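See below for the structure under consideration.
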Amino acid sequence: YIAFDNVQCAQPLVTGAYVAPTIALKNVGIETASNIDVVLSTESEYIDLISNTATVPAIAPDEIYEIADNFAFNVDVEIPNNKKVRFFLTCTSGDNVWESKFDLTFSAPEFTMSNISNTELNPGGNGTVTFQITNDGNADAENAIFEVYASSDDLAIESNVIEIGAIAAGETVEVVANITVGSNVEIGSTYELSYLMSAGHYSVDGSYIITVGNIVEGFETGDFSAYEWQFGGSAN
């Protein structure tokens with residue numbers, strides 16, 4: 001009886017990788033198995049099998065036989081982080097057919113927006129919006145690019161596309177967008193900033209609302225009628 005024993009991969013199990021695993025089989029039966037045809041398969045859409053067959057001359061009882069340089073596959077560039085993929089091994093010797101299975105877990109980048117903050121933005125003035133993005137994946141991201149756009153021409157962004165480069169797994173990067181507010185913009189106006197962080201097929205996007213200026217009560221009316229105040233508390 002031929003069964004899967006272990007698998008070793010010299011290459012990292014990450015997005016876009018070429019992997020040539022060494023697969024070990026063990027004869028857990030009491031007789032020698034000869035002329036064993038071995039087929040590796042998977043139902044995963046993220047794995048492209050390049051070479052998936054091997055022939056083993058013989059495996060004696062309790063012997064472990066390693067198959068190297070026979071199996072190979074490519075990992076899809078869109079595989080999700082922490083994706084577990086199941087592989088199947090079918091071993092055939094004469095009329096005997098033995099089936100085994102094993103799992104491999106693959107890594108990829110995974111972006112999250114950790115925090116967004118901005119300085120005060122006033123009509124005719126300059127300010128900044130700071131984005132903090134974390135690669136929560138288990139693989140490094142390469143050639144990352146950050147894009148940010150305003151919902152109105154009232155806001156002029158110095159650079160809509162910012163090249164970030166590599167972001168290591170677990171690393172947080174800070175991106176600062178320099179913004180100029182139009183001089184005719186009214187205090188209290190709100191605008192939407194749309195952002196996108198991408199590296200290959202991995203990305204995070206969203207939007208952020210900013211308000212121009214701070215509305216301050218000058219109390220010139222003498223009766224709190226300029227704005228919609230809410231009052232609380234008690235008096236004796």
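Each chain of the structure tokens is named A, B, ... in the order shown, its residues numbered from 1; ligands are numbered from 1 in display order.
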Inset, instruction - Show which residues sit within 6 Å of segment 5-9 of chain A, as an NGL selection string. Count only C-alpha atoms, and ignore same-chain residues fewer than 4 positions away. - result: :A and (21-26)
Could you write those residues out with N, CA, C and O atoms, as an mmCIF file, in the first residue's frame?
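The result, stored in part-v8.cif:
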data_model
loop_
_atom_site.group_PDB
_atom_site.id
_atom_site.type_symbol
_atom_site.label_atom_id
_atom_site.label_comp_id
_atom_site.auth_asym_id
_atom_site.auth_seq_id
_atom_site.Cartn_x
_atom_site.Cartn_y
_atom_site.Cartn_z
ATOM 1 N N PRO A 21 8.015 20.714 -6.366
ATOM 2 C CA PRO A 21 8.040 20.011 -5.086
ATOM 3 C C PRO A 21 8.713 18.645 -5.169
ATOM 4 O O PRO A 21 8.675 17.974 -6.210
ATOM 5 N N THR A 22 9.330 18.260 -4.065
ATOM 6 C CA THR A 22 9.817 16.892 -3.899
ATOM 7 C C THR A 22 8.805 16.147 -3.043
ATOM 8 O O THR A 22 8.530 16.552 -1.909
ATOM 9 N N ILE A 23 8.246 15.094 -3.577
ATOM 10 C CA ILE A 23 7.186 14.361 -2.893
ATOM 11 C C ILE A 23 7.700 12.987 -2.477
ATOM 12 O O ILE A 23 8.278 12.250 -3.294
ATOM 13 N N ALA A 24 7.478 12.671 -1.206
ATOM 14 C CA ALA A 24 7.922 11.381 -0.671
ATOM 15 C C ALA A 24 6.732 10.450 -0.488
ATOM 16 O O ALA A 24 5.699 10.843 0.056
ATOM 17 N N LEU A 25 6.916 9.211 -0.941
ATOM 18 C CA LEU A 25 5.907 8.168 -0.782
ATOM 19 C C LEU A 25 6.433 7.093 0.170
ATOM 20 O O LEU A 25 7.636 6.834 0.224
ATOM 21 N N LYS A 26 5.503 6.466 0.877
ATOM 22 C CA LYS A 26 5.892 5.388 1.792
ATOM 23 C C LYS A 26 5.048 4.148 1.511
ATOM 24 O O LYS A 26 3.832 4.240 1.303
#
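Near Ser207 of chain A, within 8 Å and counting only C-alpha atoms, sit Glu192, Leu193, Ser194 and Tyr195 of chain A; same-chain residues fewer than 4 positions away were not included.
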Atoms kept (N, CA and C atoms) for selection, written as a short mmCIF file (atom, residue, chain, number, x, y, z; two decimals), in the first residue's frame:
data_model
loop_
_atom_site.label_atom_id
_atom_site.label_comp_id
_atom_site.auth_asym_id
_atom_site.auth_seq_id
_atom_site.Cartn_x
_atom_site.Cartn_y
_atom_site.Cartn_z
N GLU A 192 -14.92 64.63 -1.53
CA GLU A 192 -14.55 63.21 -1.42
C GLU A 192 -13.23 62.97 -2.13
N LEU A 193 -12.33 62.29 -1.44
CA LEU A 193 -11.09 61.83 -2.05
C LEU A 193 -11.20 60.33 -2.28
N SER A 194 -10.97 59.91 -3.50
CA SER A 194 -10.97 58.47 -3.83
C SER A 194 -9.53 58.00 -3.93
N TYR A 195 -9.22 56.85 -3.31
CA TYR A 195 -7.84 56.36 -3.31
C TYR A 195 -7.79 54.90 -3.75
#
Inset, instruction - Find the distance between atom CA of Gly213 of chain A and atom CA of Ile187 of chain A and write it in Å to one decimal. - result: 5.2 Å
Inset, instruction - Rank A:Pro61, A:Gly127, A:Gly16, A:Gly94 by their smallest atom-to-atom distance to Ile2 of chain A, using only C-alpha atoms, and report the top residue only. - result: A:Pro61
Legend entry - segment 42-90 of chain A: residues DSSP assigns to strand (DSSP E or B), reported as a PyMOL selection string: chain A and resi 42+47-51+53-59+64-67+72-75+83-90
